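*Asks:* Here you go, this is structure-v2.pdb (PDB, C-alpha atoms, pLDDT in the B column).
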```pdb
ATOM      1  CA  MET A 449     202.169  69.653 101.156  1.00 88.00           C
ATOM      2  CA  LEU A 450     204.506  68.586  98.348  1.00 96.00           C
ATOM      3  CA  TYR A 451     203.488  65.656  96.164  1.00 97.00           C
ATOM      4  CA  ASP A 452     205.323  63.064  94.069  1.00 98.00           C
ATOM      5  CA  ALA A 453     204.518  63.528  90.368  1.00 98.00           C
ATOM      6  CA  LEU A 454     204.786  59.786  89.748  1.00 98.00           C
ATOM      7  CA  GLU A 455     202.257  58.986  92.459  1.00 98.00           C
ATOM      8  CA  ARG A 456     200.021  61.744  91.133  1.00 97.00           C
ATOM      9  CA  THR A 457     200.259  60.135  87.691  1.00 98.00           C
ATOM     10  CA  LYS A 458     198.782  56.904  89.044  1.00 98.00           C
ATOM     11  CA  GLU A 459     195.770  58.726  90.463  1.00 97.00           C
ATOM     12  CA  ILE A 460     195.130  60.846  87.356  1.00 97.00           C
ATOM     13  CA  ARG A 461     195.527  57.811  85.104  1.00 98.00           C
ATOM     14  CA  LYS A 462     192.604  56.108  86.873  1.00 97.00           C
ATOM     15  CA  ILE A 463     190.383  59.006  85.816  1.00 98.00           C
ATOM     16  CA  VAL A 464     191.531  59.874  82.287  1.00 98.00           C
ATOM     17  CA  CYS A 465     192.685  56.527  80.860  1.00 98.00           C
ATOM     18  CA  ARG A 466     190.185  53.748  80.118  1.00 97.00           C
ATOM     19  CA  ASN A 467     191.363  50.641  78.314  1.00 95.00           C
ATOM     20  CA  ASN A 468     193.102  52.277  75.343  1.00 96.00           C
ATOM     21  CA  GLU A 469     190.947  55.408  75.378  1.00 98.00           C
ATOM     22  CA  ARG A 470     191.685  58.820  76.876  1.00 98.00           C
ATOM     23  CA  LYS A 471     189.668  61.861  77.863  1.00 98.00           C
ATOM     24  CA  TYR A 472     189.827  64.988  75.664  1.00 98.00           C
ATOM     25  CA  TYR A 473     187.912  68.215  76.017  1.00 97.00           C
ATOM     26  CA  ARG A 474     188.573  69.939  72.697  1.00 97.00           C
ATOM     27  CA  PHE A 475     189.865  69.515  69.136  1.00 98.00           C
ATOM     28  CA  ARG A 476     190.948  72.669  67.314  1.00 98.00           C
ATOM     29  CA  ALA A 477     193.095  74.439  64.759  1.00 97.00           C
ATOM     30  CA  ALA A 478     195.829  76.517  66.436  1.00 96.00           C
ATOM     31  CA  ARG A 479     198.256  79.157  65.131  1.00 95.00           C
ATOM     32  CA  PHE A 480     201.392  77.834  66.845  1.00 93.00           C
ATOM     33  CA  TYR A 481     204.214  76.253  64.799  1.00 95.00           C
ATOM     34  CA  GLY A 482     202.876  78.008  61.733  1.00 95.00           C
ATOM     35  CA  GLY A 483     199.549  76.224  62.151  1.00 97.00           C
ATOM     36  CA  ILE A 484     198.845  72.962  63.956  1.00 98.00           C
ATOM     37  CA  ALA A 485     195.945  70.567  64.464  1.00 98.00           C
ATOM     38  CA  THR A 486     195.469  70.173  68.209  1.00 98.00           C
ATOM     39  CA  ALA A 487     193.755  67.709  70.510  1.00 98.00           C
ATOM     40  CA  ASP A 488     193.470  69.040  74.072  1.00 97.00           C
ATOM     41  CA  CYS A 489     193.670  66.203  76.571  1.00 97.00           C
ATOM     42  CA  VAL A 490     192.505  66.036  80.193  1.00 98.00           C
ATOM     43  CA  GLY A 491     194.755  65.289  83.166  1.00 97.00           C
ATOM     44  CA  CYS A 492     198.271  66.262  84.261  1.00 97.00           C
ATOM     45  CA  ASN A 493     200.795  64.981  86.787  1.00 97.00           C
ATOM     46  CA  LEU A 494     202.044  68.479  87.667  1.00 97.00           C
ATOM     47  CA  ASN A 495     200.188  71.406  89.179  1.00 95.00           C
ATOM     48  CA  CYS A 496     201.958  74.427  87.648  1.00 94.00           C
ATOM     49  CA  PHE A 497     200.405  77.645  88.917  1.00 89.00           C
ATOM     50  CA  TYR A 498     200.676  79.313  85.499  1.00 90.00           C
ATOM     51  CA  CYS A 499     198.864  76.571  83.563  1.00 91.00           C
ATOM     52  CA  TRP A 500     196.372  78.040  81.075  1.00 85.00           C
ATOM     53  CA  SER A 501     194.409  74.764  81.072  1.00 87.00           C
ATOM     54  CA  PHE A 502     193.949  74.480  84.824  1.00 87.00           C
ATOM     55  CA  TYR A 503     190.169  73.923  84.809  1.00 91.00           C
ATOM     56  CA  PRO A 504     190.295  70.466  83.141  1.00 91.00           C
ATOM     57  CA  ARG A 505     193.542  69.718  84.984  1.00 94.00           C
ATOM     58  CA  ASN A 506     191.939  70.373  88.358  1.00 92.00           C
ATOM     59  CA  ASN A 507     188.640  68.701  87.472  1.00 94.00           C
ATOM     60  CA  PRO A 508     189.508  65.721  85.244  1.00 94.00           C
ATOM     61  CA  GLU A 509     186.403  63.812  86.274  1.00 95.00           C
ATOM     62  CA  LYS A 510     184.145  66.658  85.082  1.00 94.00           C
ATOM     63  CA  PHE A 511     185.751  67.581  81.761  1.00 95.00           C
ATOM     64  CA  GLY A 512     185.867  65.906  78.378  1.00 96.00           C
ATOM     65  CA  LYS A 513     184.892  62.516  77.028  1.00 97.00           C
ATOM     66  CA  PHE A 514     186.773  59.368  76.109  1.00 98.00           C
ATOM     67  CA  TYR A 515     188.143  58.873  72.597  1.00 98.00           C
ATOM     68  CA  SER A 516     189.991  55.968  71.024  1.00 98.00           C
ATOM     69  CA  PRO A 517     193.366  56.512  69.301  1.00 98.00           C
ATOM     70  CA  GLU A 518     191.640  56.002  65.961  1.00 98.00           C
ATOM     71  CA  GLU A 519     189.091  58.728  66.710  1.00 98.00           C
ATOM     72  CA  VAL A 520     191.757  61.184  67.858  1.00 98.00           C
ATOM     73  CA  ALA A 521     194.008  60.544  64.862  1.00 98.00           C
ATOM     74  CA  LYS A 522     191.080  60.923  62.469  1.00 98.00           C
ATOM     75  CA  LYS A 523     190.112  64.279  63.993  1.00 98.00           C
ATOM     76  CA  LEU A 524     193.698  65.583  63.917  1.00 98.00           C
ATOM     77  CA  ILE A 525     194.173  64.566  60.297  1.00 98.00           C
ATOM     78  CA  LYS A 526     190.853  66.124  59.291  1.00 98.00           C
ATOM     79  CA  ILE A 527     191.738  69.462  60.947  1.00 98.00           C
ATOM     80  CA  ALA A 528     195.235  69.438  59.447  1.00 98.00           C
ATOM     81  CA  GLU A 529     194.017  68.712  55.936  1.00 98.00           C
ATOM     82  CA  ALA A 530     191.197  71.272  56.151  1.00 98.00           C
ATOM     83  CA  ASN A 531     193.694  73.992  57.095  1.00 98.00           C
ATOM     84  CA  ASN A 532     196.636  72.787  55.011  1.00 97.00           C
ATOM     85  CA  TYR A 533     198.707  72.243  58.165  1.00 98.00           C
ATOM     86  CA  LYS A 534     201.837  70.123  58.287  1.00 98.00           C
ATOM     87  CA  ASN A 535     201.829  69.690  62.083  1.00 98.00           C
ATOM     88  CA  VAL A 536     199.644  67.907  64.642  1.00 98.00           C
ATOM     89  CA  ARG A 537     199.875  67.641  68.430  1.00 98.00           C
ATOM     90  CA  ILE A 538     198.223  66.723  71.699  1.00 97.00           C
ATOM     91  CA  SER A 539     198.214  69.627  74.146  1.00 94.00           C
ATOM     92  CA  GLY A 540     196.103  71.014  76.988  1.00 92.00           C
ATOM     93  CA  ASN A 541     197.350  68.834  79.838  1.00 96.00           C
ATOM     94  CA  GLU A 542     200.024  66.069  79.849  1.00 98.00           C
ATOM     95  CA  PRO A 543     199.906  63.810  76.722  1.00 98.00           C
ATOM     96  CA  THR A 544     202.188  61.058  78.054  1.00 98.00           C
ATOM     97  CA  ILE A 545     199.937  59.850  80.900  1.00 98.00           C
ATOM     98  CA  CYS A 546     198.134  57.220  78.776  1.00 98.00           C
ATOM     99  CA  LYS A 547     201.196  55.655  77.114  1.00 98.00           C
ATOM    100  CA  ASP A 548     199.677  52.974  74.868  1.00 98.00           C
ATOM    101  CA  HIS A 549     196.990  55.386  73.720  1.00 98.00           C
ATOM    102  CA  LEU A 550     199.583  58.014  72.740  1.00 98.00           C
ATOM    103  CA  ILE A 551     201.860  55.578  70.943  1.00 98.00           C
ATOM    104  CA  LYS A 552     198.950  54.239  68.902  1.00 98.00           C
ATOM    105  CA  ILE A 553     197.917  57.756  67.853  1.00 98.00           C
ATOM    106  CA  ILE A 554     201.408  58.557  66.608  1.00 98.00           C
ATOM    107  CA  GLU A 555     201.410  55.277  64.667  1.00 98.00           C
ATOM    108  CA  LEU A 556     198.171  56.338  62.950  1.00 98.00           C
ATOM    109  CA  ILE A 557     199.437  59.782  61.887  1.00 98.00           C
ATOM    110  CA  PRO A 558     200.731  59.718  58.278  1.00 98.00           C
ATOM    111  CA  GLU A 559     204.407  60.598  57.924  1.00 96.00           C
ATOM    112  CA  LYS A 560     203.522  63.651  55.826  1.00 97.00           C
ATOM    113  CA  PHE A 561     202.562  65.282  59.147  1.00 98.00           C
ATOM    114  CA  LEU A 562     204.978  66.127  61.955  1.00 98.00           C
ATOM    115  CA  PHE A 563     203.680  65.057  65.361  1.00 98.00           C
ATOM    116  CA  ILE A 564     204.905  67.502  68.018  1.00 98.00           C
ATOM    117  CA  LEU A 565     204.789  65.966  71.482  1.00 98.00           C
ATOM    118  CA  GLU A 566     204.620  68.712  74.102  1.00 97.00           C
ATOM    119  CA  THR A 567     205.439  67.194  77.477  1.00 98.00           C
ATOM    120  CA  ASN A 568     206.849  67.941  80.913  1.00 98.00           C
ATOM    121  CA  GLY A 569     209.009  64.852  80.452  1.00 98.00           C
ATOM    122  CA  ILE A 570     208.319  63.345  83.878  1.00 98.00           C
ATOM    123  CA  LEU A 571     207.247  59.938  82.581  1.00 98.00           C
ATOM    124  CA  ILE A 572     209.878  59.786  79.841  1.00 98.00           C
ATOM    125  CA  GLY A 573     212.448  60.508  82.532  1.00 98.00           C
ATOM    126  CA  SER A 574     211.139  57.785  84.822  1.00 98.00           C
ATOM    127  CA  ASP A 575     211.098  55.089  82.114  1.00 97.00           C
ATOM    128  CA  GLU A 576     213.675  54.829  79.345  1.00 98.00           C
ATOM    129  CA  GLU A 577     211.401  52.362  77.554  1.00 98.00           C
ATOM    130  CA  TYR A 578     209.127  55.309  76.822  1.00 98.00           C
ATOM    131  CA  ALA A 579     211.922  57.033  74.910  1.00 98.00           C
ATOM    132  CA  LYS A 580     212.701  53.776  73.115  1.00 98.00           C
ATOM    133  CA  ALA A 581     209.065  53.472  72.025  1.00 98.00           C
ATOM    134  CA  LEU A 582     209.149  57.034  70.668  1.00 98.00           C
ATOM    135  CA  SER A 583     212.424  56.478  68.832  1.00 98.00           C
ATOM    136  CA  LYS A 584     210.773  54.405  66.093  1.00 98.00           C
ATOM    137  CA  PHE A 585     208.856  57.396  64.730  1.00 98.00           C
ATOM    138  CA  LYS A 586     210.509  59.515  62.045  1.00 96.00           C
ATOM    139  CA  ASN A 587     207.737  62.140  62.025  1.00 98.00           C
ATOM    140  CA  LEU A 588     207.995  62.943  65.739  1.00 98.00           C
ATOM    141  CA  HIS A 589     209.560  65.865  67.592  1.00 98.00           C
ATOM    142  CA  VAL A 590     209.435  66.144  71.386  1.00 98.00           C
ATOM    143  CA  ARG A 591     209.308  69.509  73.135  1.00 98.00           C
ATOM    144  CA  VAL A 592     210.169  69.129  76.826  1.00 98.00           C
ATOM    145  CA  SER A 593     208.841  72.046  78.859  1.00 97.00           C
ATOM    146  CA  LEU A 594     211.134  72.514  81.864  1.00 97.00           C
ATOM    147  CA  LYS A 595     209.337  73.901  84.912  1.00 96.00           C
ATOM    148  CA  GLY A 596     212.094  76.151  86.172  1.00 93.00           C
ATOM    149  CA  ALA A 597     215.879  75.983  85.959  1.00 95.00           C
ATOM    150  CA  THR A 598     216.580  74.519  89.404  1.00 96.00           C
ATOM    151  CA  PRO A 599     214.907  71.975  91.720  1.00 96.00           C
ATOM    152  CA  GLU A 600     213.891  74.770  94.082  1.00 95.00           C
ATOM    153  CA  ILE A 601     212.171  76.830  91.387  1.00 95.00           C
ATOM    154  CA  PHE A 602     210.588  73.685  89.936  1.00 96.00           C
ATOM    155  CA  SER A 603     209.040  72.859  93.299  1.00 96.00           C
ATOM    156  CA  LYS A 604     207.691  76.382  93.783  1.00 94.00           C
ATOM    157  CA  ILE A 605     206.109  76.383  90.315  1.00 94.00           C
ATOM    158  CA  THR A 606     204.595  72.905  90.437  1.00 96.00           C
ATOM    159  CA  GLY A 607     204.090  72.138  94.113  1.00 96.00           C
ATOM    160  CA  ALA A 608     205.906  68.842  93.505  1.00 98.00           C
ATOM    161  CA  MET A 609     208.938  67.453  95.300  1.00 98.00           C
ATOM    162  CA  LYS A 610     212.276  68.956  94.275  1.00 97.00           C
ATOM    163  CA  GLU A 611     213.515  65.479  93.333  1.00 97.00           C
ATOM    164  CA  ASN A 612     210.982  65.369  90.475  1.00 98.00           C
ATOM    165  CA  PHE A 613     212.960  68.120  88.735  1.00 98.00           C
ATOM    166  CA  TYR A 614     215.617  65.572  87.842  1.00 98.00           C
ATOM    167  CA  LEU A 615     213.061  63.416  86.031  1.00 98.00           C
ATOM    168  CA  GLN A 616     212.795  66.256  83.518  1.00 98.00           C
ATOM    169  CA  ILE A 617     216.567  66.250  83.092  1.00 98.00           C
ATOM    170  CA  LYS A 618     216.552  62.458  82.825  1.00 98.00           C
ATOM    171  CA  ALA A 619     213.921  62.706  80.080  1.00 98.00           C
ATOM    172  CA  LEU A 620     216.325  64.758  77.983  1.00 98.00           C
ATOM    173  CA  GLU A 621     219.032  62.182  78.630  1.00 98.00           C
ATOM    174  CA  ASN A 622     216.756  59.320  77.587  1.00 98.00           C
ATOM    175  CA  LEU A 623     215.655  61.122  74.434  1.00 98.00           C
ATOM    176  CA  GLU A 624     219.270  61.917  73.562  1.00 98.00           C
ATOM    177  CA  LYS A 625     220.388  58.349  74.193  1.00 98.00           C
ATOM    178  CA  ASN A 626     217.646  56.929  71.989  1.00 98.00           C
ATOM    179  CA  ARG A 627     218.137  59.489  69.207  1.00 98.00           C
ATOM    180  CA  VAL A 628     214.681  60.998  69.393  1.00 98.00           C
ATOM    181  CA  SER A 629     214.269  64.444  67.840  1.00 98.00           C
ATOM    182  CA  TYR A 630     213.728  66.890  70.717  1.00 98.00           C
ATOM    183  CA  HIS A 631     214.478  70.226  72.321  1.00 98.00           C
ATOM    184  CA  ALA A 632     213.910  71.799  75.734  1.00 97.00           C
ATOM    185  CA  ALA A 633     211.933  74.941  76.556  1.00 96.00           C
ATOM    186  CA  ILE A 634     211.680  77.097  79.665  1.00 95.00           C
ATOM    187  CA  MET A 635     209.868  80.215  80.849  1.00 91.00           C
ATOM    188  CA  ILE A 636     212.382  83.079  80.939  1.00 90.00           C
ATOM    189  CA  GLU A 637     210.685  84.420  84.074  1.00 87.00           C
ATOM    190  CA  PHE A 638     211.931  81.356  85.977  1.00 84.00           C
ATOM    191  CA  ALA A 639     215.466  81.279  84.622  1.00 87.00           C
ATOM    192  CA  ASP A 640     217.606  84.214  85.730  1.00 89.00           C
ATOM    193  CA  ASN A 641     221.323  84.276  84.906  1.00 92.00           C
ATOM    194  CA  GLU A 642     222.364  82.415  88.042  1.00 94.00           C
ATOM    195  CA  SER A 643     219.819  79.615  87.646  1.00 94.00           C
ATOM    196  CA  GLN A 644     220.586  79.363  83.927  1.00 95.00           C
ATOM    197  CA  GLU A 645     224.213  78.627  84.792  1.00 95.00           C
ATOM    198  CA  LYS A 646     223.105  75.841  87.128  1.00 95.00           C
ATOM    199  CA  LEU A 647     220.823  74.425  84.466  1.00 96.00           C
ATOM    200  CA  LYS A 648     223.568  74.619  81.859  1.00 96.00           C
ATOM    201  CA  LYS A 649     225.834  72.466  84.021  1.00 96.00           C
ATOM    202  CA  GLU A 650     223.128  69.810  84.224  1.00 96.00           C
ATOM    203  CA  LEU A 651     222.367  69.870  80.513  1.00 97.00           C
ATOM    204  CA  ASP A 652     226.001  69.927  79.421  1.00 97.00           C
ATOM    205  CA  LYS A 653     226.432  66.510  81.057  1.00 97.00           C
ATOM    206  CA  ILE A 654     224.055  65.190  78.401  1.00 98.00           C
ATOM    207  CA  ASN A 655     224.881  67.353  75.393  1.00 98.00           C
ATOM    208  CA  PRO A 656     225.999  71.039  75.289  1.00 96.00           C
ATOM    209  CA  LYS A 657     223.697  71.586  72.323  1.00 97.00           C
ATOM    210  CA  ILE A 658     220.638  71.211  74.574  1.00 97.00           C
ATOM    211  CA  PHE A 659     221.330  74.486  76.332  1.00 96.00           C
ATOM    212  CA  GLU A 660     222.496  76.135  73.107  1.00 96.00           C
ATOM    213  CA  ASN A 661     219.115  75.285  71.544  1.00 96.00           C
ATOM    214  CA  LEU A 662     217.056  76.016  74.646  1.00 96.00           C
ATOM    215  CA  GLU A 663     213.780  77.725  73.762  1.00 96.00           C
ATOM    216  CA  PHE A 664     212.885  80.650  76.001  1.00 92.00           C
ATOM    217  CA  GLU A 665     209.216  81.546  76.210  1.00 86.00           C
ATOM    218  CA  SER A 666     207.344  84.188  78.199  1.00 74.00           C
ATOM    219  CA  LEU A 667     204.388  83.938  80.522  1.00 69.00           C
ATOM    220  CA  MET A 668     200.950  85.045  79.456  1.00 59.00           C
ATOM    221  CA  ILE A 669     199.828  86.921  82.566  1.00 48.00           C
ATOM    222  CA  PHE A 670     196.288  85.894  83.446  1.00 47.00           C
ATOM    223  CA  PRO A 671     194.721  86.824  86.843  1.00 52.00           C
ATOM    224  CA  HIS A 672     195.424  83.417  88.396  1.00 45.00           C
ATOM    225  CA  ILE A 673     199.055  83.697  87.272  1.00 45.00           C
ATOM    226  CA  LYS A 674     199.488  87.068  89.004  1.00 45.00           C
ATOM    227  CA  LYS A 675     198.305  85.429  92.212  1.00 51.00           C
ATOM    228  CA  GLY A 676     200.807  82.595  91.793  1.00 47.00           C
ATOM    229  CA  LEU A 677     203.693  84.947  91.065  1.00 47.00           C
ATOM    230  CA  ARG A 678     203.122  86.743  94.348  1.00 48.00           C
ATOM    231  CA  LYS A 679     203.794  83.481  96.194  1.00 52.00           C
ATOM    232  CA  LEU A 680     207.237  82.936  94.659  1.00 52.00           C
TER     233      LEU A 680
END
```
Now that the file is in, can you turn its structure into structure tokens?

*Replies:*
Amino acid sequence: MLYDALERTKEIRKIVCRNNERKYYRFRAARFYGGIATADCVGCNLNCFYCWSFYPRNNPEKFGKFYSPEEVAKKLIKIAEANNYKNVRISGNEPTICKDHLIKIIELIPEKFLFILETNGILIGSDEEYAKALSKFKNLHVRVSLKGATPEIFSKITGAMKENFYLQIKALENLEKNRVSYHAAIMIEFADNESQEKLKKELDKINPKIFENLEFESLMIFPHIKKGLRKL
């Protein structure tokens, strides 16, 4: 049965957000972006079959512990400085679910570091005020991970309603409108030539440069991903 990502958000939020704290299951140094300090959060509003962090996503009540924004920022800064990194991020599941918590963390990150927000964009697309709140940060870049190039593919990947696909597109529009630094990314396996043309038409309504700068990434084929691919 298909679900609504916004309704799912409400349920996950009850588990992973507490006052202004959020659950995290790991803090680490990672090689991406030339080296980046990473806080892996718990809880997501999508159920992508290829998610590498599906254990905490599927069991948010069992994974991680609660941290305040101050604790998270301190850990990220410490990892970045210890490894001479210029970038920090929140990854793992969906960082935008606990809004006030996220905004406070970004506020606490010194401008000498670039905060890379990796998101599916659902909540930024459902609320322009989210994009407005992000627009005040000069050391922020948002990477919106599109879950397929069409509503149909999106639904097959995530199990969510096809209508939720347009929240991802709306997120790009809201970020563009509020002059937030951003780009979109997509798995090449879910964007053949025909679906890319459909996606391009949607993105060109916002800004042709979005598709021109679209980041194509490839799946890492784990056993659970092979099983999901067979269902497409």

*Asks:* May I have the residues within 7 Å of Arg476 in chain A as a count of residues only, using all atoms listed in the file and disregarding those fewer than 3 positions away in the same chain?

*Replies:* 3

*Asks:* List as an mmCIF file with C-alpha atoms, in the frame of the given file the protein and nucleic acid residues near Glu665 in chain A, meaning an atom at most 7 Å away when all atoms listed in the file are counted, but skip any in the same chain fewer than 3 places from it.

*Replies:*
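Result file follows (around-v9.cif):
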```cif
data_model
loop_
_atom_site.group_PDB
_atom_site.id
_atom_site.type_symbol
_atom_site.label_atom_id
_atom_site.label_comp_id
_atom_site.auth_asym_id
_atom_site.auth_seq_id
_atom_site.Cartn_x
_atom_site.Cartn_y
_atom_site.Cartn_z
ATOM 1 C CA ILE A 634 211.680 77.097 79.665
ATOM 2 C CA MET A 635 209.868 80.215 80.849
ATOM 3 C CA ILE A 636 212.382 83.079 80.939
#
```

*Asks:* Using the chain letters and numbers from the file, which residues does the PyMOL selection byres ((chain A and resi 526-537) around 8) grab, as a ChimeraX atom specification?

*Replies:* /A:476-477,481-487,522-525,538-539,560-566

*Asks:* Run the PyMOL selection byres ((chain A and resi 597) around 10) against the file shown and list the residues it catches, as a CSV table (one decimal) with C-alpha atoms, keeping the file's coordinate frame.

*Replies:*
```csv
chain,number,residue,atom,x,y,z
A,594,LEU,CA,211.1,72.5,81.9
A,595,LYS,CA,209.3,73.9,84.9
A,596,GLY,CA,212.1,76.2,86.2
A,598,THR,CA,216.6,74.5,89.4
A,599,PRO,CA,214.9,72.0,91.7
A,600,GLU,CA,213.9,74.8,94.1
A,601,ILE,CA,212.2,76.8,91.4
A,602,PHE,CA,210.6,73.7,89.9
A,613,PHE,CA,213.0,68.1,88.7
A,634,ILE,CA,211.7,77.1,79.7
A,635,MET,CA,209.9,80.2,80.8
A,636,ILE,CA,212.4,83.1,80.9
A,638,PHE,CA,211.9,81.4,86.0
A,639,ALA,CA,215.5,81.3,84.6
A,640,ASP,CA,217.6,84.2,85.7
A,641,ASN,CA,221.3,84.3,84.9
A,642,GLU,CA,222.4,82.4,88.0
A,643,SER,CA,219.8,79.6,87.6
A,644,GLN,CA,220.6,79.4,83.9
A,645,GLU,CA,224.2,78.6,84.8
A,646,LYS,CA,223.1,75.8,87.1
A,647,LEU,CA,220.8,74.4,84.5
A,648,LYS,CA,223.6,74.6,81.9
A,650,GLU,CA,223.1,69.8,84.2
```

*Asks:* Quick one: apply the PyMOL selection byres ((chain A and resi 618) around 9) to the file and drop the selected residues here as a list in words.

*Replies:*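 Output from the PyMOL selection byres ((chain A and resi 618) around 9), applied to this file: Gly569, Ile570, Ile572, Gly573, Ser574, Glu576, Phe613, Tyr614, Leu615, Gln616, Ile617, Ala619, Leu620, Glu621, Asn622 and Leu623 of chain A.
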
*Asks:* Show me, as CSV, the residues of range 548-634 of chain A having an atom within 6 Å of range 449-457 of chain A, each with the closest atom pair and its distance in Å, using only C-alpha atoms.

*Replies:*
```
residue,atom,partner,partner_atom,distance
A:Gly607,CA,A:Leu450,CA,5.5
A:Ala608,CA,A:Tyr451,CA,4.8
A:Met609,CA,A:Leu450,CA,5.5
```

*Asks:* How would the residues just picked look written out with C-alpha atoms as an mmCIF file, in the frame of the given file?

*Replies:*
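Output file again_34.cif follows:
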```cif
data_model
loop_
_atom_site.group_PDB
_atom_site.id
_atom_site.type_symbol
_atom_site.label_atom_id
_atom_site.label_comp_id
_atom_site.auth_asym_id
_atom_site.auth_seq_id
_atom_site.Cartn_x
_atom_site.Cartn_y
_atom_site.Cartn_z
ATOM 1 C CA GLY A 607 204.090 72.138 94.113
ATOM 2 C CA ALA A 608 205.906 68.842 93.505
ATOM 3 C CA MET A 609 208.938 67.453 95.300
#
```

*Asks:* So, counting only C-alpha atoms, which residue among A:Asn626, A:Phe475, A:Pro504, A:Cys499 is closest to Ile463 in chain A?

*Replies:* A:Pro504

*Asks:* When you draw a straight line from CA of Lys458 in chain A to CA of Asn493 in chain A, how long is it in Å?

*Replies:* 8.6 Å

*Asks:* I'd like the box whose edges run along x, y and z of the file and which contains every listed atom of range 498-516 of chain A, padded by 5 Å per side; could you state its centre and edge lengths in Å, one decimal, as JSON?

*Replies:*
```
{"center_x": 192.4, "center_y": 67.6, "center_z": 79.7, "size_x": 26.5, "size_y": 33.3, "size_z": 27.3}
```

*Asks:* When distances are computed from all atoms listed in the file, which of A:Leu494, A:Val464, A:Ile553, A:Ala521 shows the smallest separation from Glu509 in chain A?

*Replies:*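 Closest candidate: A:Val464.
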
*Asks:* What's the 10 Å shell around Val628 in chain A, counting all atoms listed in the file, without same-chain residues fewer than 2 positions away, as a count of residues only?

*Replies:* 19

*Asks:* Can you tell me how far CA of Glu542 in chain A sits from CA of Arg505 in chain A, in Å to one decimal?

*Replies:*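 According to the coordinates, CA of Glu542 in chain A and CA of Arg505 in chain A are separated by 9.0 Å.
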
*Asks:* Could you tell me which of A:Tyr472, A:Phe502, A:Phe480, A:Phe497 comes closest to Pro517 in chain A if we count all atoms listed in the file?

*Replies:*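 Looking at the shortest contact to Pro517 in chain A, the residue is A:Tyr472.
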
*Asks:* Mind pulling up the distance from CA of Phe511 in chain A to CA of Glu555 in chain A?

*Replies:*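 Interatomic distance here is 26.2 Å.
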
*Asks:* Show me, as a JSON list (two decimals) with C-alpha atoms, in the coordinates of the input, the residues that have an atom within 9 Å of Cys546 in chain A when counting all atoms listed in the file, minus same-chain residues fewer than 5 positions from it.

*Replies:*
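What landed in selection.json:
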```
[["chain", "number", "residue", "atom", "x", "y", "z"],
["A", 461, "ARG", "CA", 195.53, 57.81, 85.10],
["A", 464, "VAL", "CA", 191.53, 59.87, 82.29],
["A", 465, "CYS", "CA", 192.68, 56.53, 80.86],
["A", 466, "ARG", "CA", 190.18, 53.75, 80.12],
["A", 468, "ASN", "CA", 193.10, 52.28, 75.34],
["A", 469, "GLU", "CA", 190.95, 55.41, 75.38],
["A", 470, "ARG", "CA", 191.68, 58.82, 76.88],
["A", 551, "ILE", "CA", 201.86, 55.58, 70.94]]
```

*Asks:* Could you name the residues that touch Pro543 in chain A at 9 Å or less, counting all atoms listed in the file, but leaving out those on the same chain fewer than 6 positions away, as an MDAnalysis selection string?

*Replies:* chainID A and resid 488:492 550 565:567

*Asks:* Just to be explicit: take each residue in the selection above, keep C-alpha atoms, and write the result as a PDB file, in the coordinates of the input.

*Replies:*
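Saved the output as again.pdb:
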```pdb
ATOM      1  CA  ASP A 488     193.470  69.040  74.072  1.00 97.00           C
ATOM      2  CA  CYS A 489     193.670  66.203  76.571  1.00 97.00           C
ATOM      3  CA  VAL A 490     192.505  66.036  80.193  1.00 98.00           C
ATOM      4  CA  GLY A 491     194.755  65.289  83.166  1.00 97.00           C
ATOM      5  CA  CYS A 492     198.271  66.262  84.261  1.00 97.00           C
ATOM      6  CA  LEU A 550     199.583  58.014  72.740  1.00 98.00           C
ATOM      7  CA  LEU A 565     204.789  65.966  71.482  1.00 98.00           C
ATOM      8  CA  GLU A 566     204.620  68.712  74.102  1.00 97.00           C
ATOM      9  CA  THR A 567     205.439  67.194  77.477  1.00 98.00           C
TER      10      THR A 567
END
```
